[in-house]
Structure formats: C-alpha cells, structure tokens
file start29.txt (compact mmCIF, C-alpha atoms)
# COMPACT_ATOMS: atom_id res chain seq x y z
CA MET A 1 -185.63 -26.80 56.04
CA PRO A 2 -184.87 -23.17 55.13
CA SER A 3 -181.20 -22.32 55.39
CA SER A 4 -182.00 -19.41 57.69
CA SER A 5 -183.24 -21.84 60.35
CA LYS A 6 -180.49 -22.79 62.73
CA ILE A 7 -180.42 -26.14 64.50
CA ILE A 8 -179.13 -26.83 67.98
CA SER A 9 -177.95 -30.40 68.47
CA LEU A 10 -178.02 -31.77 72.01
CA ALA A 11 -176.04 -34.84 73.05
CA LEU A 12 -177.73 -35.52 76.38
CA LEU A 13 -177.00 -38.01 79.13
CA THR A 14 -179.78 -40.55 79.47
CA THR A 15 -180.40 -43.83 81.23
CA THR A 16 -179.93 -45.68 77.93
CA ALA A 17 -178.05 -44.70 74.79
CA SER A 18 -177.46 -40.97 74.39
CA PRO A 19 -179.82 -39.64 71.69
CA THR A 20 -179.24 -36.54 69.63
CA LEU A 21 -182.07 -34.05 69.74
CA SER A 22 -182.59 -31.19 67.35
CA PHE A 23 -185.08 -28.36 67.36
CA ASN A 24 -185.73 -25.32 65.26
CA THR A 25 -184.80 -22.07 66.96
CA LYS A 26 -187.62 -20.35 65.10
CA THR A 27 -189.85 -21.61 67.89
CA MET A 28 -187.89 -19.38 70.28
CA ALA A 29 -187.30 -15.65 70.50
CA THR A 30 -185.58 -14.75 67.23
CA THR A 31 -183.72 -11.88 68.85
CA SER A 32 -181.84 -14.16 71.22
CA PRO A 33 -178.48 -15.58 70.12
CA ASN A 34 -178.02 -19.33 69.82
CA TYR A 35 -176.19 -20.98 72.69
CA HIS A 36 -174.78 -24.44 73.19
CA ILE A 37 -176.45 -26.89 75.58
CA ARG A 38 -174.37 -29.74 76.96
CA PRO A 39 -174.04 -31.91 80.09
CA TYR A 40 -172.59 -30.14 83.12
CA ASP A 41 -168.91 -30.96 83.67
CA PRO A 42 -167.99 -30.95 87.39
CA THR A 43 -164.31 -30.42 86.64
CA ARG A 44 -164.40 -27.35 84.44
CA ASP A 45 -167.81 -25.91 85.39
CA ARG A 46 -167.59 -25.84 89.18
CA THR A 47 -166.34 -22.24 89.48
CA SER A 48 -168.89 -20.93 87.00
CA LEU A 49 -171.71 -22.75 88.82
CA GLU A 50 -170.66 -21.18 92.12
CA GLU A 51 -170.78 -17.77 90.43
CA ILE A 52 -174.27 -18.45 89.06
CA CYS A 53 -175.48 -19.48 92.53
CA ALA A 54 -173.64 -16.78 94.49
CA ASN A 55 -176.72 -14.68 95.27
CA ILE A 56 -179.33 -17.43 95.39
CA TYR A 57 -180.96 -18.02 98.80
CA GLY A 58 -178.87 -15.25 100.28
CA GLY A 59 -175.64 -16.90 99.20
CA SER A 60 -176.49 -20.31 100.69
CA ASP A 61 -177.68 -22.10 97.56
CA TYR A 62 -177.54 -25.87 97.93
CA LEU A 63 -176.86 -26.54 94.24
CA PRO A 64 -173.01 -26.41 94.20
CA LYS A 65 -173.07 -28.91 97.06
CA VAL A 66 -175.24 -31.47 95.24
CA ALA A 67 -174.23 -30.88 91.59
CA ASN A 68 -171.85 -33.84 91.56
CA THR A 69 -174.68 -36.04 92.86
CA TYR A 70 -176.76 -35.13 89.82
CA VAL A 71 -173.85 -35.93 87.50
CA LYS A 72 -173.32 -39.37 89.04
CA ASP A 73 -177.04 -40.21 89.05
CA ASP A 74 -178.01 -42.21 85.94
CA SER A 75 -181.59 -41.02 86.31
CA CYS A 76 -180.53 -37.37 85.91
CA SER A 77 -179.51 -35.17 83.01
CA PHE A 78 -177.87 -32.11 84.55
CA LEU A 79 -177.65 -29.71 81.63
CA ALA A 80 -175.72 -26.50 81.13
CA LEU A 81 -176.33 -23.72 78.63
CA THR A 82 -173.06 -22.07 77.66
CA THR A 83 -171.69 -19.02 75.89
CA LYS A 84 -170.28 -21.23 73.18
CA ARG A 85 -172.37 -20.19 70.17
CA THR A 86 -173.54 -22.66 67.54
CA GLU A 87 -172.63 -23.11 63.90
CA ASP A 88 -171.35 -19.89 62.32
CA CYS A 89 -170.52 -18.36 65.72
CA GLN A 90 -168.47 -21.43 66.66
CA GLN A 91 -166.60 -21.29 63.36
CA GLN A 92 -165.75 -17.64 63.87
CA GLN A 93 -164.56 -18.31 67.42
CA GLN A 94 -162.35 -21.15 66.20
CA GLN A 95 -160.88 -18.93 63.49
CA ASP A 96 -160.08 -16.32 66.12
CA GLY A 97 -158.45 -18.97 68.29
CA GLN A 98 -161.11 -18.47 70.97
CA GLU A 99 -163.82 -20.84 72.12
CA ASP A 100 -165.69 -19.64 75.18
CA ASP A 101 -167.70 -22.46 76.78
CA THR A 102 -168.61 -20.83 80.09
CA ILE A 103 -171.91 -22.01 81.57
CA ILE A 104 -174.52 -19.29 82.16
CA ALA A 105 -177.60 -21.38 82.95
CA VAL A 106 -178.28 -24.88 84.29
CA ALA A 107 -181.19 -27.23 84.97
CA ASN A 108 -181.52 -30.81 86.13
CA TYR A 109 -183.93 -33.34 84.64
CA LYS A 110 -184.58 -36.19 87.09
CA ARG A 111 -186.41 -39.29 85.85
CA LEU A 112 -188.79 -40.91 88.33
CA PRO A 113 -189.77 -44.18 86.64
CA ALA A 114 -191.42 -45.67 89.73
CA GLN A 115 -194.29 -43.22 89.22
CA ASN A 116 -193.84 -42.67 85.47
CA ALA A 117 -192.84 -39.09 86.17
CA ALA A 118 -189.90 -36.72 85.90
CA TRP A 119 -188.90 -33.62 87.84
CA ILE A 120 -187.22 -30.49 86.50
CA GLU A 121 -185.22 -28.79 89.23
CA ALA A 122 -182.23 -26.57 89.97
CA VAL A 123 -183.03 -24.08 87.20
CA ARG A 124 -180.50 -21.26 87.51
CA THR A 125 -179.43 -18.40 85.21
CA HIS A 126 -176.42 -16.13 85.72
CA SER A 127 -177.53 -12.69 86.90
CA ASN A 128 -175.87 -11.05 83.88
CA TYR A 129 -177.90 -13.12 81.43
CA ARG A 130 -181.40 -13.06 82.91
CA ASN A 131 -184.49 -11.92 81.00
CA GLN A 132 -183.03 -13.19 77.71
CA GLY A 133 -185.12 -16.36 77.43
CA LEU A 134 -182.27 -18.70 78.37
CA ALA A 135 -184.25 -20.63 80.97
CA SER A 136 -186.96 -21.10 78.38
CA LYS A 137 -184.42 -22.51 75.90
CA LEU A 138 -183.06 -24.91 78.50
CA LEU A 139 -186.49 -26.11 79.63
CA GLN A 140 -187.68 -26.55 76.07
CA SER A 141 -184.70 -28.80 75.38
CA ILE A 142 -185.64 -30.90 78.42
CA VAL A 143 -189.24 -31.23 77.22
CA LEU A 144 -187.94 -32.35 73.82
CA LEU A 145 -185.68 -34.88 75.54
CA ALA A 146 -188.64 -36.29 77.47
CA LYS A 147 -190.72 -36.57 74.31
CA GLU A 148 -187.88 -38.33 72.50
CA GLU A 149 -187.51 -40.84 75.34
CA ASP A 150 -191.27 -41.43 75.38
CA LYS A 151 -191.14 -42.09 71.63
CA ASN A 152 -188.56 -44.80 72.27
CA ASN A 153 -190.75 -46.37 74.99
CA LYS A 154 -193.93 -47.00 73.01
CA HIS A 155 -195.42 -49.38 75.58
CA GLN A 156 -195.34 -46.74 78.32
CA SER A 157 -197.75 -43.85 78.81
CA PRO A 158 -196.22 -40.36 78.40
CA THR A 159 -193.98 -39.21 81.22
CA ASN A 160 -195.64 -36.86 83.70
CA ILE A 161 -193.16 -33.96 83.65
CA LEU A 162 -193.32 -31.94 86.86
CA THR A 163 -191.52 -28.93 88.26
CA CYS A 164 -192.05 -26.21 90.84
CA THR A 165 -191.25 -22.63 91.71
CA VAL A 166 -192.30 -20.14 94.37
CA LYS A 167 -195.50 -18.12 94.09
CA SER A 168 -193.67 -14.80 93.71
CA ASN A 169 -191.55 -15.98 90.74
CA LYS A 170 -193.89 -14.71 88.05
CA GLY A 171 -191.10 -14.75 85.46
CA MET A 172 -190.56 -18.48 85.80
CA GLN A 173 -194.31 -19.07 85.84
CA ARG A 174 -194.59 -17.22 82.51
CA VAL A 175 -191.86 -19.49 81.13
CA PHE A 176 -193.79 -22.56 82.32
CA ASP A 177 -197.01 -21.24 80.79
CA LYS A 178 -195.30 -20.53 77.46
CA LEU A 179 -193.95 -24.08 77.30
CA GLY A 180 -197.28 -25.73 78.17
CA PHE A 181 -197.06 -26.26 81.94
CA VAL A 182 -200.09 -25.69 84.20
CA GLN A 183 -200.27 -25.35 87.96
CA THR A 184 -201.54 -28.54 89.61
CA ASN A 185 -200.65 -28.51 93.31
CA ARG A 186 -198.84 -26.79 96.14
CA ILE A 187 -196.36 -28.13 98.68
CA SER A 188 -196.60 -26.59 102.14
CA ILE A 189 -193.19 -26.01 103.72
CA LEU A 190 -192.26 -24.42 107.03
CA SER A 191 -190.24 -21.21 106.99
CA PHE A 192 -186.56 -21.85 107.67
CA SER A 193 -186.13 -18.26 108.85
CA ALA A 194 -188.86 -18.84 111.45
CA LEU A 195 -187.37 -22.20 112.49
CA ARG A 196 -183.93 -20.65 112.95
CA GLN A 197 -185.45 -18.36 115.58
CA LEU A 198 -186.34 -21.34 117.76
CA PRO A 199 -183.81 -21.94 120.57
CA GLY A 200 -181.23 -24.52 119.54
CA TRP A 201 -182.44 -24.87 115.94
CA ASP A 202 -180.08 -22.51 114.10
CA ALA A 203 -176.90 -24.21 112.88
CA LYS A 204 -174.94 -21.21 114.17
CA ASP A 205 -176.42 -21.39 117.69
CA THR A 206 -173.71 -22.73 120.00
CA THR A 207 -175.51 -21.93 123.25
CA ILE A 208 -177.90 -24.89 123.07
CA THR A 209 -176.84 -28.34 121.88
CA GLN A 210 -180.24 -29.39 120.56
CA GLY A 211 -183.58 -27.62 120.34
CA LYS A 212 -186.95 -29.02 121.29
CA PRO A 213 -189.09 -30.99 118.80
CA LEU A 214 -191.25 -28.92 116.45
CA LEU A 215 -194.59 -28.67 118.30
CA ASP A 216 -192.87 -28.30 121.69
CA ALA A 217 -190.62 -25.53 120.35
CA LEU A 218 -193.60 -23.72 118.80
CA ASP A 219 -195.86 -24.41 121.81
CA LEU A 220 -198.60 -25.82 119.57
CA ASN A 221 -199.26 -29.19 121.18
CA HIS A 222 -202.56 -27.90 122.53
CA LEU A 223 -203.91 -27.73 118.96
CA ILE A 224 -203.76 -31.51 118.56
CA SER A 225 -207.37 -32.62 119.07
CA PRO A 226 -208.36 -35.32 121.59
CA GLY A 227 -209.53 -37.44 118.66
CA ALA A 228 -206.06 -37.42 117.10
CA ARG A 229 -204.41 -38.10 120.46
CA SER A 230 -206.68 -41.09 121.02
CA ILE A 231 -205.46 -42.90 117.90
CA PRO A 232 -203.08 -45.58 119.22
CA ALA A 233 -199.57 -46.06 117.86
CA SER A 234 -200.62 -49.58 116.84
CA SER A 235 -202.87 -48.03 114.17
CA TRP A 236 -199.76 -47.06 112.23
CA SER A 237 -198.32 -49.73 109.94
CA THR A 238 -194.70 -49.62 108.83
CA ILE A 239 -194.09 -49.36 105.08
CA THR A 240 -191.08 -51.50 104.23
CA THR A 241 -191.07 -51.62 100.42
CA GLU A 242 -191.32 -49.15 97.57
CA ASN A 243 -194.36 -50.94 96.17
CA GLN A 244 -196.18 -50.63 99.47
CA LEU A 245 -195.53 -46.89 99.50
CA LEU A 246 -196.75 -46.47 95.92
CA GLU A 247 -199.89 -48.47 96.65
CA GLN A 248 -200.66 -46.37 99.71
CA LEU A 249 -200.17 -43.12 97.79
CA ASN A 250 -202.38 -44.33 94.92
CA ASP A 251 -205.12 -45.57 97.26
CA MET A 252 -205.14 -42.28 99.14
CA GLN A 253 -205.34 -40.26 95.93
CA LYS A 254 -208.32 -42.30 94.73
CA GLU A 255 -210.15 -42.09 98.04
CA SER A 256 -209.57 -38.34 98.30
CA GLU A 257 -210.99 -37.92 94.78
CA GLY A 258 -207.70 -36.52 93.55
CA ARG A 259 -207.18 -34.04 96.38
CA THR A 260 -203.89 -35.65 97.37
CA CYS A 261 -201.35 -35.53 94.56
CA GLY A 262 -200.25 -39.16 94.66
CA PHE A 263 -196.69 -38.21 95.61
CA LEU A 264 -194.84 -37.89 98.91
CA PRO A 265 -194.09 -34.18 99.45
CA GLY A 266 -190.53 -33.01 100.13
CA LEU A 267 -188.68 -29.70 100.25
CA HIS A 268 -189.50 -28.20 96.85
CA GLU A 269 -189.72 -31.70 95.39
CA TYR A 270 -191.65 -34.94 95.40
CA ILE A 271 -189.90 -37.86 97.11
CA VAL A 272 -190.17 -40.81 94.73
CA PRO A 273 -188.73 -44.30 95.32
CA GLY A 274 -185.83 -45.32 93.14
CA PRO A 275 -182.31 -46.79 93.18
CA LYS A 276 -180.71 -43.41 93.88
CA ARG A 277 -183.19 -42.38 96.58
CA VAL A 278 -180.89 -43.65 99.32
CA ASP A 279 -182.41 -41.42 102.00
CA LEU A 280 -185.85 -42.96 101.51
CA LYS A 281 -184.43 -46.48 101.41
CA ARG A 282 -182.59 -45.93 104.70
CA SER A 283 -185.71 -44.50 106.30
CA MET A 284 -187.71 -47.57 105.27
CA GLU A 285 -185.05 -49.82 106.75
CA ARG A 286 -185.35 -47.92 110.05
CA GLY A 287 -189.15 -48.05 110.10
CA LEU A 288 -189.53 -44.31 109.46
CA VAL A 289 -192.13 -44.54 106.69
CA LEU A 290 -195.60 -45.34 108.01
CA ALA A 291 -199.25 -45.39 106.98
CA LEU A 292 -202.46 -44.76 108.89
CA ASN A 293 -205.72 -46.29 107.70
CA ILE A 294 -208.65 -46.22 110.10
CA PRO A 295 -212.06 -47.30 108.66
CA LEU A 296 -214.96 -44.98 109.49
CA ASP A 297 -217.63 -47.47 110.55
CA ASP A 298 -217.01 -49.36 107.30
CA LYS A 299 -219.29 -47.00 105.36
CA GLU A 300 -218.98 -43.72 103.55
CA LEU A 301 -219.36 -40.68 105.73
CA SER A 302 -219.90 -37.21 104.36
CA CYS A 303 -217.19 -35.00 105.86
CA CYS A 304 -216.43 -31.36 105.45
CA ASP A 305 -212.83 -30.11 105.55
CA GLY A 306 -213.01 -26.35 105.23
CA GLU A 307 -214.83 -25.39 102.04
CA THR A 308 -214.52 -28.75 100.27
CA THR A 309 -216.98 -31.55 100.97
CA ILE A 310 -215.73 -35.06 100.30
CA ASN A 311 -216.83 -38.62 100.90
CA ARG A 312 -214.32 -40.96 102.44
CA LYS A 313 -214.32 -44.37 103.99
CA SER A 314 -211.35 -43.94 106.30
CA GLU A 315 -208.90 -41.59 107.93
CA ARG A 316 -205.66 -42.00 106.00
CA ALA A 317 -202.20 -40.51 106.25
CA ILE A 318 -198.65 -41.30 105.21
CA LEU A 319 -195.81 -40.17 107.45
CA ALA A 320 -192.15 -40.29 106.43
CA PHE A 321 -188.89 -39.04 107.91
CA THR A 322 -185.89 -38.51 105.63
CA GLN A 323 -182.60 -36.64 105.94
CA ASP A 324 -182.05 -33.89 103.38
CA GLU A 325 -178.38 -33.14 102.70
CA ARG A 326 -179.31 -29.78 101.19
CA ILE A 327 -180.18 -28.39 104.64
CA SER A 328 -177.28 -26.44 106.13
CA SER A 329 -178.89 -23.57 108.03
CA LEU A 330 -180.50 -25.82 110.67
CA LYS A 331 -178.74 -28.13 113.10
CA SER A 332 -181.01 -31.01 112.17
CA ASN A 333 -181.52 -32.07 108.56
CA TRP A 334 -184.46 -34.34 109.35
CA VAL A 335 -187.58 -33.63 107.29
CA CYS A 336 -191.02 -34.94 108.18
CA SER A 337 -193.27 -35.44 105.14
CA ILE A 338 -197.01 -35.90 105.59
CA SER A 339 -199.65 -36.77 103.02
CA ALA A 340 -203.20 -36.53 104.35
CA HIS A 341 -206.56 -35.14 103.28
CA SER A 342 -208.29 -34.38 106.57
CA THR A 343 -207.49 -32.33 109.65
CA LEU A 344 -207.82 -35.35 111.93
CA ALA A 345 -205.43 -37.49 109.86
CA PHE A 346 -202.90 -34.65 109.67
CA GLU A 347 -203.07 -34.07 113.42
CA ALA A 348 -202.68 -37.80 114.06
CA ALA A 349 -199.59 -37.86 111.84
CA LEU A 350 -198.05 -34.84 113.61
CA HIS A 351 -198.80 -36.37 116.99
CA HIS A 352 -197.21 -39.69 116.05
CA ALA A 353 -194.21 -37.86 114.56
CA HIS A 354 -193.43 -36.61 118.08
CA SER A 355 -193.83 -40.01 119.72
CA SER A 356 -191.17 -41.89 121.64
CA GLU A 357 -191.56 -44.73 119.14
CA ILE A 358 -190.38 -42.53 116.27
CA ALA A 359 -187.64 -41.02 118.43
CA GLN A 360 -186.35 -44.51 119.23
CA ARG A 361 -186.14 -45.34 115.52
CA ILE A 362 -184.32 -42.09 114.71
CA ASN A 363 -181.72 -41.85 117.46
CA GLY A 364 -182.19 -44.80 119.78
CA THR A 365 -183.62 -42.68 122.62
CA THR A 366 -187.05 -41.49 123.68
CA GLU A 367 -186.07 -37.86 123.05
CA MET A 368 -187.30 -36.63 119.66
CA VAL A 369 -185.04 -34.53 117.44
CA PRO A 370 -186.07 -31.23 115.78
CA PHE A 371 -187.34 -31.60 112.24
CA CYS A 372 -188.66 -29.50 109.40
CA LEU A 373 -192.13 -30.26 108.09
CA THR A 374 -193.67 -30.45 104.64
CA PHE A 375 -197.16 -31.57 103.67
CA ASP A 376 -199.34 -31.79 100.60
CA ASP A 377 -202.01 -29.52 99.19
CA ALA A 378 -204.94 -31.56 100.52
CA VAL A 379 -204.31 -30.77 104.19
CA PRO A 380 -206.86 -28.16 105.35
CA VAL A 381 -205.17 -24.91 106.39
CA GLU A 382 -208.21 -22.89 107.45
CA GLU A 383 -207.98 -20.64 110.49
CA GLY A 384 -208.25 -22.66 113.69
CA THR A 385 -206.41 -25.69 112.28
CA ILE A 386 -202.93 -26.64 113.43
CA ALA A 387 -201.75 -26.42 109.82
CA HIS A 388 -202.76 -22.75 109.79
CA ALA A 389 -200.87 -22.09 113.04
CA LEU A 390 -197.61 -23.56 111.76
CA PRO A 391 -195.04 -21.02 110.45
CA ARG A 392 -195.39 -21.85 106.77
CA VAL A 393 -193.44 -19.95 104.12
CA ASP A 394 -195.25 -16.90 102.77
CA ASP A 395 -193.83 -17.54 99.31
CA GLU A 396 -195.39 -20.96 98.86
CA CYS A 397 -194.12 -23.70 96.59
CA VAL A 398 -196.37 -24.23 93.56
CA VAL A 399 -196.15 -27.37 91.41
CA PHE A 400 -196.60 -27.39 87.63
CA ALA A 401 -197.20 -30.28 85.23
CA TYR A 402 -196.54 -30.34 81.51
CA LYS A 403 -199.68 -30.72 79.40
CA ARG A 404 -198.75 -31.89 75.94
CA MET A 405 -199.57 -29.35 73.27

call {"tool": "encode", "arguments": {"input": "start29.txt", "output": "structure tokens"}}
result
Amino acid sequence: MPSSSKIISLALLTTTASPTLSFNTKTMATTSPNYHIRPYDPTRDRTSLEEICANIYGGSDYLPKVANTYVKDDSCSFLALTTKRTEDCQQQQQQDGQEDDTIIAVANYKRLPAQNAAWIEAVRTHSNYRNQGLASKLLQSIVLLAKEEDKNNKHQSPTNILTCTVKSNKGMQRVFDKLGFVQTNRISILSFSALRQLPGWDAKDTTITQGKPLLDALDLNHLISPGARSIPASSWSTITTENQLLEQLNDMQKESEGRTCGFLPGLHEYIVPGPKRVDLKRSMERGLVLALNIPLDDKELSCCDGETTINRKSERAILAFTQDERISSLKSNWVCSISAHSTLAFEAALHHAHSSEIAQRINGTTEMVPFCLTFDDAVPVEEGTIAHALPRVDDECVVFAYKRM
C-alpha cells in the first residue's frame, strides 16, 4: 500500500472476539483529518456526550439516558469518533505532552440475530464538527464491521443492515446514499407535540392525574368501522414466544406481497426479539403481544386499499404493547405497535387496543391507559381512513437498508 495512504485501526466490541478492522482513508474525503474511532466509555465520555446531545430534540435527547444500556448490551457496539488523531498526529500530540481524546460523534450498531438484521441508531455529531463527513466515517466503519462479522459467519446470509432518519434530514440521507443505503420503508409515528396537548397526557401536566386513552382523547372512535367493531376479542390469539412472533411477521409479509416490512414497528426503530429486549419479553409474559388472522371465505379475494390492489386470503394484524424508557415528555411510556396491511385489520387492532381485556393485562383494571402509536408502511393512510385522521408526525421516519456494493 502506498505510504501516503493512512490506515485507521478499529478495535470494536462484538458479541465474539474483538476483531481489528482497517480501511483506507482514500475512500473518504481527502480534505478531512483522520480521527480515532473507539468504543464509548461511560466514565470519561459522559460529559462530552451530554454536550453533543444538548440541542437535540429541543434539549430532551434520550441518548444520554440510554447510553449505558448500549454499553452493557453484548449485541451493541456503541462507537465514538474522537479528536485524537491517528498515526503522525498522535505522535506529535504525545511529544507535546497532549493527547486529546474528546468524543465528537457517536453511533450505535445493534445486532438483531433473530431476524438476521442489524440496526444503526443514535447517530450524533457535535454541532461544532458537522458538515465535515464525520458521520460518514463512523457509518462506514460500522458497515465494515458488519462485513467482517459476516465473513466470519460463512454459513449465514449477509446481515440486513438497517437504519432510519427523518424525511427532512437530507444531509443524513445523502450520507446513506453515498455509503450504499436505499430507502425501503416508513414507520408512521404519532406527533408527541400533538399528544402533549391532550388533557392529562403531558408529563408536566399536574392538573389531571391520567388522560383518556388515545381514540377517546382524540374523539376518533366514530371512525372505527362496524366491520372492525364486529370482530370478537376471541379472534385475537396471544403470542407467547419469540418464534411465534417471527412466524406471524413472516407470514404477513408473504401474504401482503412484501407490503409489510416483516418487522414490528417501534419509535424510530424495529422491535426485534432477543435476550436484551426485556420490554418485549415482559409484554409477552403479560399477554400484550397478539395476532389477528381471519380467513376471507377460505379463498383469495381481490381487495383494494387506496391505490394498491392486492390479493389476500385473510385479514391479518399484529398488535403489541411495550414500554419505552426513552419517553419522558409524556406521562405514559406505553407504545402500541401495529403491523397490518388493510384498513379493516388496522381498525380492528386499534379497537382491540382500547378494550377492557388489554387494559386488564396492562394495569389490572378495565380502564385503559394513554399510549403512543406506531404502525408500518403498509397501513393505508388515504383521506377518510382513521390512519389519516391520527396526528402523525409531519417529518416522517424513513427506513434505509444497506445494499452491498
């Protein structure tokens, strides 16, 4: 290799032995200096992380709160890019008696082996260092890590590397495009600013102990069709194991001809079973993950949901309640996740989510708690549907997948 080519060596935390990855910085912007990438250290990096996140989400970024969780999770590699320069810069710093190792960008790589996938999340860059290609450097190192791990697992198909951002973040989308990511799906999420306006929902509201459930608070119950209301609670089967959930998601994706993504949608993430997914495990134990599968006269019926015509044999939906510790602006941190590919199935899921049966499983009473809602890309959102009437975020969450180049 030419001597002018500098190498960055990454000792990264992995689920097995820690490999050393190297890549040529010629593949990156040559005008950018070389920085050091290392695992995040919760002891020495906490203050710097808080500074990086100070102006994210209006100063209420969840990342400092959950950073230690990433560090303790064997399925995660929470990486930090620092001001400690490589090679000749390091030598000069050491000669000067100075060695600055302050973090200026971070990203978490979460392995999701249950679905042969991985999720890149929590990508942050210090405001003083943006537009210098640092996020691109960090993400490229993660892609290289994934490829190296795939190389060591020859009997497994390549990892499906996923990530997301908001529609307005064109800069991050350009980074994804440059690295070989393409947009694949969207995750619909309700607006927290709109939910905080509902009486008793805002965490700072001390006048009301608890707000009404979602559809009652929004006065949208009238949009649930008679057909959805007529589906009995007995039609819902409780999912008690991770394998059952994965089978249901796979079956729904096949039947919807790929319209559903095959994952359970969450808040800017996919909820995937695994040892560290304690929230999902607890929900399964409480009977809060359910599936709907109603045959349509045991034959294929041609149905039209908005502009897309599909053939399906049944009305299917998956409904799950989990508690998200990242939520701090709402009194309730319950999140309702729905995967469905028809208006009727989505309405049926929403209707059942407000039932006394679900309320009993959540809090032991017949009174349902407030909850945020997220659902997948396949749910029709045309005007006149209940999905359209819900206060979804304007800046929608878009999902990207890495396509090997």

call {"tool": "atom_distance", "arguments": {"input": "start29.txt", "atom1": "atom CA of A:Glu148", "atom2": "atom CA of A:Cys164"}}
result
22.4 Å

call {"tool": "closest_residue", "arguments": {"input": "start29.txt", "among": "A:Leu190, A:Leu245, A:Ala345, A:Leu330", "to": "A:Asp205", "atoms": "all atoms listed in the file"}}
result
A:Leu330

call {"tool": "residues_around", "arguments": {"input": "start29.txt", "residues": "A:Ile224", "least_positions_apart": "2", "cutoff": "9 Å", "atoms": "all atoms listed in the file", "output": "PyMOL selection string"}}
result
chain A and resi 220-222+226-229+344+347-348+350-351+385-386

call {"tool": "closest_atom_pairs", "arguments": {"input": "start29.txt", "of": "stretch 82-193 of chain A", "to": "stretch 377-382 of chain A", "cutoff": "12 Å", "atoms": "all atoms listed in the file", "output": "Markdown table"}}
result
| residue | atom | partner | partner_atom | distance |
| --- | --- | --- | --- | --- |
| A:Thr184 | CA | A:Asp377 | CA | 9.6 |
| A:Asn185 | CA | A:Asp377 | CA | 6.1 |
| A:Arg186 | CA | A:Asp377 | CA | 5.2 |
| A:Ile187 | CA | A:Asp377 | CA | 5.8 |
| A:Ser188 | CA | A:Asp377 | CA | 6.8 |
| A:Ile189 | CA | A:Asp377 | CA | 10.5 |

call {"tool": "residues_around", "arguments": {"input": "start29.txt", "residues": "stretch 249-255 of chain A", "least_positions_apart": "4", "cutoff": "10 Å", "atoms": "all atoms listed in the file", "output": "list in words"}}
result
Gln115, Asn243, Gln244, Leu245, Arg259, Thr260, Cys261, Gly262, Phe263, Leu264, Ala291, Asn293, Ile310, Asn311, Arg312, Lys313, Ser314, Glu315, Arg316, Ala317, Ile318, Ser339, Ala340, His341 and Ala378 of chain A

call {"tool": "residues_around", "arguments": {"input": "start29.txt", "residues": "A:Lys170", "least_positions_apart": "6", "cutoff": "12 Å", "atoms": "all atoms listed in the file", "output": "PDB file with C-alpha atoms, in the coordinates of the input"}}
result
ATOM      1  CA  CYS A 164    -192.050 -26.210  90.840  1.00  0.00           C
ATOM      2  CA  PHE A 176    -193.790 -22.560  82.320  1.00  0.00           C
ATOM      3  CA  ASP A 177    -197.010 -21.240  80.790  1.00  0.00           C
ATOM      4  CA  ASP A 395    -193.830 -17.540  99.310  1.00  0.00           C
ATOM      5  CA  VAL A 398    -196.370 -24.230  93.560  1.00  0.00           C
TER       6      VAL A 398
END
